[in-house]
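Scroll down for the structure; my scribbles are underneath it.
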Amino acid sequence: MIKGDKRGQRLLAIFALGCILLTYPMLQIFNHGDLVLGVPLLVLYVFLAWLAVIVLTALAIER
Amino acid sequence: MFAGAIILVSLAYIGVLFAIARFGDKRADRGQSIIASPYVYALSMGVYCTAWTYYGSVGRAAATGVGFLPIYLGPTLMAVLGWFVLRKMVRISKTNRITTIADFVASRYGKSTLLGSLVTLIAVIGIVPYIALQLDAVSSSFTLLWNYPDITSARSAGSAGVLDTAFYVSLAMVLFAILFGTRHLDVTEHHEGLVAAISFESIIKLAAFTLVGVYVAFGLFNGADLLYEQAAARPDLARLFTFNPTTIEFGEWTTLTLLSMMAILFLPRQFQMSVLENMDERHVAKASWLFPLYLFAINLFVLPIALAGLLLFPDGAVDADMFVLALPMHGQQQVLALIVFIGGLSAATSMVIVDTVALSTMVSNDLLMPLLLRAGLVRSPERRDVGGLLLAIRRIAIAAIILLGYLYFRLTGGSAPLVSIGLISFAAVAQFAPAVLGGIYWKGGTRAGALAGLIAGFLTWGYTLSLPSLHVIGGAPDSFVVDGPWGIGWLRPYALFGLTDLDPITHALFWSLLVNTLLYVVVSLLRQPSAIEHSQASRFVDAFQHTGAGEPLLFWRGAAPLDDLRSLLERFLGAARTERLLSTYARQRGVDWQTLTIADADLVQYAENQLAGVIGTASARVATASVVQEDPLTMDEMLRLLDETSQVLAYSQQLEERTHQLEQKSLQLEAASAELRAANERLQELDRLKDDFISTVTHELRTPLTSIRAFSEILYDNPDLDAARRTNFLEIILKESERLTRLINQVLDLAKLESGAAEWHTTAVHIGELIDDALVATSGLFAEKNIQVTVAVGAGLPAVWVDRDRVMQVLINLLSNASKFAPADVGAVQIRAHHAGGWLQMAVIDNGPGISPDEQAVIFQKFRQAGDQRQGKPKGTGLGLPISAQIIGHFGGRLWVESEVGAGATFLFTLPLEPARSVGSDEGMG
């Protein structure tokens, strides 16, 4: 139960992080059309942040 | 020729689906589930990605750039919370045998059939356009592919005289949904075949979409980076890379994220797949990253495809919603185009099939069944097999819903872009949010509150979103939207009460959820919930506290005739299943059917629970109510019952525990304070004793000092005193000085003994020798008074392990006492020593005046001497016996006296003969 509790807290933290990463005003920082690594910066950022949330969740669940 | 291939492949694909579903069901019947895996579970949640995702995302990306993303970011965030929200919904649904989202809401608010019907209506009205959207997409893609390789034909359903694809696809879906969605009467049993097929479709659509993405990025454009570079060079395309007024703004982004967070929970098909078809709560955990990963993968190529379409088909020659299909056609990739079409077909069919299965269950269980029950269906004797009727209703409902979608598609003619229609549906199911989320986290929510909120929210949704979408003629809104009804400006559906500057979705969501939540909370707070609402609320909110399939609370004290109950079950479940269920119950509870005629409340509850899995909780309540001579509990009784059960019990347990702890603490405190009090008393006693001791010692010291001083003064003042008197006085002074010295020595000795600081030199001592030595030392005293001394020492006495000098001190003390009290000339003192059961016992017997019992009690105390009054002047220091007692006590022995007045006194002491015995227990003051 203690383990489950810890996992729950981690997931809540990841949720909060995801909310911050994937909404305004964080997105405003990357609101440029410049190409980085051949991809528009904003698109690159959103996909990377998205992937980060998924990976963190996977770590929190599977560990 | 290609046309034939399209039809053939489509039919083959649908055939494969049937085969997979059949295989899944067969395996399930044999108890070998192929869907009991978190991967299948996560894939089945992929039913979220419909034709809207498959075709519509690209269309939306072409118009709003990154604006297609929040629809998938919301579910990702909600999936992270799945451990809390989704898992709780799964737990509640399994415990309460929930069959649909409508059932969920109805059950939460006191098994209200009215609420169930309302949720069903909202869901059907909200979802039918969404189904139409799927048919539209299939039809459009089919038409486009049919005209291969011509990609410029306008997207319009059934035009150009080709097959009415939408209709035939609808028929196939109806068939599939009926075959695999209505196999079991009991909805809580998993639709394994259906889930297997849907998961397969999720793989197909992802594979097909990724394939076309790779083809576009690398086949048509030598890499995604080159594609982006070309697009970035064109200002009309580069605008898609950022947030700006021509694409999407932050407000809408946030709204869509929120909206999709709710949709992933409340869309009937999502509820069906992620809650009802869940095989294991642990799958929820794994799916909370697997499912987002699926969404991530299927969105990777959306923007590249949209940009490629915009670059290759300028001036809107091809509908952006069809880029996915048009691009491979443009590249003359016949096979790829066909695969893409199949992928789209899979996306559309999976959504339609699951949604219609869910909706048909809602319609049958939550809309029609309560009406039929009220109409007396259960009581009518000719209706034996209600189960068959129920399945028929569900099958008809499936056909009707798909047909409704088809009609909607026909009537609106596919004029709106795919995503807009989808968002309207999302906003409709978002209305469930306050009732469902409030329902599982807030016990205060009531039926009336949920009803008020849902109705108000739904009406607002209709006015601000659904209605204006119908008031669009040829792509432009009419005056109803632009100027407001009857020209009333503040009633404009897209700018209600003058709230302008918001996009329609944000605007509608704001108003509808505002009134919905507001009414839900306010109305809930206005009135007390009824007994059953109260109990259901606690069952839902405390879902994780009720372990396992905990016993539901009993609301009905009434009993039902067993025959009535049995025939009720038989009507819905069939005779065989009823028999099985009842005998299971009998086995579990140890009931004998032969003697039973009345079903008690417990059995009625069991029956209701079984019925709930078939016709929904609300209908099950109505059905059981019809056969039970019921006697619903009043609120007071209910509360009392509750007091004895669920949360109050837990609370009282806590309280009890607290009380217990407190009691223990107070006991400890009491014990501690008693100890303290005792210690304090002891201290006071010691203090008093010390004071006594000091004052006595001072007194005893002063007596000899006074006489020494008095006689010294006489000698000093009278130098001419005659020699005889002087000698006499000096003798007294000498004697008193000796007494003083002795006294001081003995006080010091006693202090040493009492503090344990005395040194002990233990050796083997022969008692006979000791007596002889003592007699030598005291012979003067006896000779002086002419007292006869006799000694009797038992034969073969072993040596004792003692401190020789100390025991000698005791013996001398006793002998000198005897010499003092024995009468002169006729006095006789005996000394005896003998065995006494492991002990050496010694006695000193005199024939003096004896000691009264009162005196016997005090002579061992300090400074208390026998015969004080009679003798006038004390003969000793009053410390001899206490010191002796201390010494004997030190060796573990005992010193006491036996005497009668006029018959002499016998002082006795014992010493252990066992040498190894540990010594040192010198306690108390003799």
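How things are named: the first chain in the structure tokens is A, the next is B, and so on; residues count from 1 in each chain; ligands count from 1 in the order shown.
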
Residues of chain B within 6 Å of chain A: nearest atom pair and distance (Å, one decimal) for each, counting only C-alpha atoms, sorted by chain and number, as a tab-separated table?
residue	atom	partner	partner_atom	distance
B:Asp225	CA	A:Gly38	CA	4.3
B:Phe241	CA	A:Gly33	CA	5.2
B:Thr242	CA	A:Asn31	CA	5.4
B:Trp289	CA	A:Ala58	CA	5.4

Residues at most 10 Å from Val482 in chain B, counting only C-alpha atoms, excluding those fewer than 4 positions away in the same chain, as a compact mmCIF listing (two decimals) with all heavy atoms, in the first residue's frame?
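Just written: part.txt:
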# COMPACT_ATOMS: atom_id res chain seq x y z
N PRO B 468 -26.63 26.11 -33.69
CA PRO B 468 -26.01 26.93 -34.72
C PRO B 468 -25.31 26.12 -35.80
O PRO B 468 -25.23 26.57 -36.95
CB PRO B 468 -25.01 27.80 -33.96
CG PRO B 468 -24.94 27.29 -32.58
CD PRO B 468 -26.16 26.48 -32.35
N ALA B 476 -21.81 29.18 -44.75
CA ALA B 476 -21.87 30.46 -44.03
C ALA B 476 -23.03 30.43 -43.05
O ALA B 476 -24.11 29.93 -43.37
CB ALA B 476 -22.06 31.61 -45.01
N PRO B 477 -22.83 30.91 -41.84
CA PRO B 477 -23.90 30.92 -40.86
C PRO B 477 -25.02 31.90 -41.26
O PRO B 477 -24.75 32.92 -41.90
CB PRO B 477 -23.21 31.37 -39.57
CG PRO B 477 -21.96 32.05 -40.01
CD PRO B 477 -21.57 31.48 -41.33
N ASP B 478 -26.24 31.58 -40.92
CA ASP B 478 -27.35 32.47 -41.28
C ASP B 478 -27.58 33.53 -40.20
O ASP B 478 -26.80 33.65 -39.25
CB ASP B 478 -28.62 31.65 -41.55
CG ASP B 478 -29.14 30.98 -40.29
OD1 ASP B 478 -28.54 31.20 -39.21
OD2 ASP B 478 -30.12 30.24 -40.38
N GLY B 487 -33.22 38.79 -34.00
CA GLY B 487 -32.36 39.97 -33.99
C GLY B 487 -31.92 40.42 -32.62
O GLY B 487 -31.39 41.51 -32.44
N GLY B 489 -29.46 40.66 -29.99
CA GLY B 489 -28.00 40.52 -30.02
C GLY B 489 -27.44 39.66 -28.92
O GLY B 489 -26.55 38.83 -29.15
N ARG B 492 -27.23 35.82 -29.28
CA ARG B 492 -26.48 35.16 -30.34
C ARG B 492 -25.81 33.90 -29.79
O ARG B 492 -25.10 33.95 -28.79
CB ARG B 492 -25.39 36.10 -30.90
CG ARG B 492 -25.92 37.10 -31.92
CD ARG B 492 -24.84 38.04 -32.34
NE ARG B 492 -24.44 38.90 -31.23
CZ ARG B 492 -23.28 39.54 -31.17
NH1 ARG B 492 -22.40 39.39 -32.15
NH2 ARG B 492 -22.99 40.30 -30.15
N PRO B 493 -26.06 32.75 -30.45
CA PRO B 493 -25.58 31.48 -29.87
C PRO B 493 -24.06 31.39 -29.74
O PRO B 493 -23.57 30.64 -28.90
CB PRO B 493 -26.12 30.42 -30.82
CG PRO B 493 -26.60 31.12 -32.02
CD PRO B 493 -26.88 32.54 -31.65
N TYR B 494 -23.33 32.11 -30.57
CA TYR B 494 -21.87 32.04 -30.45
C TYR B 494 -21.32 33.16 -29.57
O TYR B 494 -20.10 33.27 -29.38
CB TYR B 494 -21.19 32.10 -31.83
CG TYR B 494 -21.28 30.78 -32.59
CD1 TYR B 494 -21.18 30.74 -33.99
CD2 TYR B 494 -21.43 29.58 -31.92
CE1 TYR B 494 -21.25 29.54 -34.68
CE2 TYR B 494 -21.51 28.37 -32.61
CZ TYR B 494 -21.41 28.36 -33.98
OH TYR B 494 -21.49 27.17 -34.66
N ALA B 495 -22.22 34.03 -29.08
CA ALA B 495 -21.76 35.14 -28.22
C ALA B 495 -22.84 35.45 -27.19
O ALA B 495 -23.36 36.55 -27.11
CB ALA B 495 -21.44 36.36 -29.06

Looking only at the backbone, which of the residues in chain A does DSSP tag as alpha helix (DSSP H), as a PyMOL selection string? chain A and resi 2-21+26-29+41-62

Check chain A with DSSP on the backbone and list each residue it calls strand (DSSP E or B), as a PyMOL selection string. chain A and resi 35-36+39-40

Can you tell me, as a VMD selection string, what residues are no more than 9 Å from range 290-304 of chain B when counting only C-alpha atoms, ignoring any on the same chain fewer than 4 positions away? (chain A and resid 43 47 50 to 51 54 to 55 58) or (chain B and resid 38 to 39 41 to 43 45 to 46 49 53 to 54 57 to 58 61 to 62 65 to 66 68 to 69 72 to 73 75 to 77 79 to 80 205 to 207 209 to 210 212 to 214 216 to 217 224 227 to 228 286 308 to 309 324)

For Glu570 in chain B, list every protein, DNA or RNA residue within 12 Å, evaluated using only C-alpha atoms, and leave out those in the same chain fewer than 3 positions away; present the list as a list in words.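 Non-adjacent residues within range: Val378, Arg383, Arg384, Asp385, Val386, Gly387, Gly388, Asp563, Asp564, Leu565, Arg566, Ser567, Leu573, Gly574, Ala575, Ala576, Arg577, Thr578, Glu579, Arg580, Leu581, Leu582, Ala607, Gln610 and Leu611 of chain B.
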
Report, in Å with one decimal, the straight-line distance from CA of Leu115 in chain B to CA of Glu608 in chain B.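 Straight-line distance from CA of Leu115 in chain B to CA of Glu608 in chain B works out to 18.9 Å.
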
Identify, on the basis of only C-alpha atoms, every residue whose closest approach to Arg621 in chain B does not exceed 10 Å; exclude the query and any residue fewer than 6 positions from it along the same chain; express the result as a PDB file with C-alpha atoms, in the first residue's frame.
ATOM      1  CA  SER B 107     -26.781   4.082 -10.032  1.00  0.00           C
ATOM      2  CA  GLY B 110     -30.043   6.418  -6.113  1.00  0.00           C
ATOM      3  CA  LYS B 111     -30.616   4.117  -9.111  1.00  0.00           C
ATOM      4  CA  SER B 112     -32.686   6.784 -10.759  1.00  0.00           C
ATOM      5  CA  THR B 113     -34.322   5.654 -13.988  1.00  0.00           C
ATOM      6  CA  PRO B 370     -37.981   1.244 -17.235  1.00  0.00           C
ATOM      7  CA  GLN B 605     -30.620  -7.881  -2.964  1.00  0.00           C
ATOM      8  CA  ALA B 607     -31.337 -11.139  -7.216  1.00  0.00           C
ATOM      9  CA  GLU B 608     -31.384  -7.420  -7.906  1.00  0.00           C
ATOM     10  CA  ASN B 609     -27.627  -7.405  -8.311  1.00  0.00           C
ATOM     11  CA  LEU B 611     -30.517  -8.480 -12.741  1.00  0.00           C
ATOM     12  CA  ALA B 612     -28.462  -5.281 -12.759  1.00  0.00           C
ATOM     13  CA  ILE B 615     -30.921  -4.613 -17.466  1.00  0.00           C
TER      14      ILE B 615
END

Work out how far apart CA of Ala777 in chain B and CA of Phe821 in chain B are and give it in Å to one decimal. 17.9 Å

Determine, counting only C-alpha atoms, which protein, DNA and RNA residues have an atom within 12 Å of an atom of Ile339 in chain B; residues of the same chain fewer than 3 positions away are not included. Present the result as an MDAnalysis selection string. chainID B and resid 5:6 9:10 13 141 145 204:212 324:325 328:329 333:336 342:346

Find the nearest atom pair between each residue of range 743-790 of chain B and range 806-817 of chain B for residues within 9 Å, count only C-alpha atoms, give distances in Å to one decimal, sort rows by chain and ascending number, and present the table as JSON lines.
{"residue": "B:Trp760", "atom": "CA", "partner": "B:Arg806", "partner_atom": "CA", "distance": 8.3}
{"residue": "B:Leu770", "atom": "CA", "partner": "B:Met808", "partner_atom": "CA", "distance": 6.6}
{"residue": "B:Ile771", "atom": "CA", "partner": "B:Leu811", "partner_atom": "CA", "distance": 7.6}
{"residue": "B:Asp773", "atom": "CA", "partner": "B:Met808", "partner_atom": "CA", "distance": 8.1}
{"residue": "B:Ala774", "atom": "CA", "partner": "B:Ile812", "partner_atom": "CA", "distance": 5.8}
{"residue": "B:Leu775", "atom": "CA", "partner": "B:Ile812", "partner_atom": "CA", "distance": 7.8}
{"residue": "B:Ala777", "atom": "CA", "partner": "B:Ile812", "partner_atom": "CA", "distance": 7.6}
{"residue": "B:Thr778", "atom": "CA", "partner": "B:Ile812", "partner_atom": "CA", "distance": 6.8}
{"residue": "B:Leu781", "atom": "CA", "partner": "B:Ser816", "partner_atom": "CA", "distance": 7.1}
{"residue": "B:Phe782", "atom": "CA", "partner": "B:Ser816", "partner_atom": "CA", "distance": 8.4}

Spatial neighbours of Ala799 in chain B, max dist 9 Å, only C-alpha atoms, sep filter under 2 positions, as a list of chain:residue names: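 The filter keeps B:Ala764, B:Val765, B:His766, B:Ile767, B:Leu797, B:Trp801, B:Leu913, B:Pro915.
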
Selected residue of minimal separation from Lys752 in chain B among B:Val124, B:Ile732, B:Ile883, B:Ile178, counting only C-alpha atoms: B:Ile883
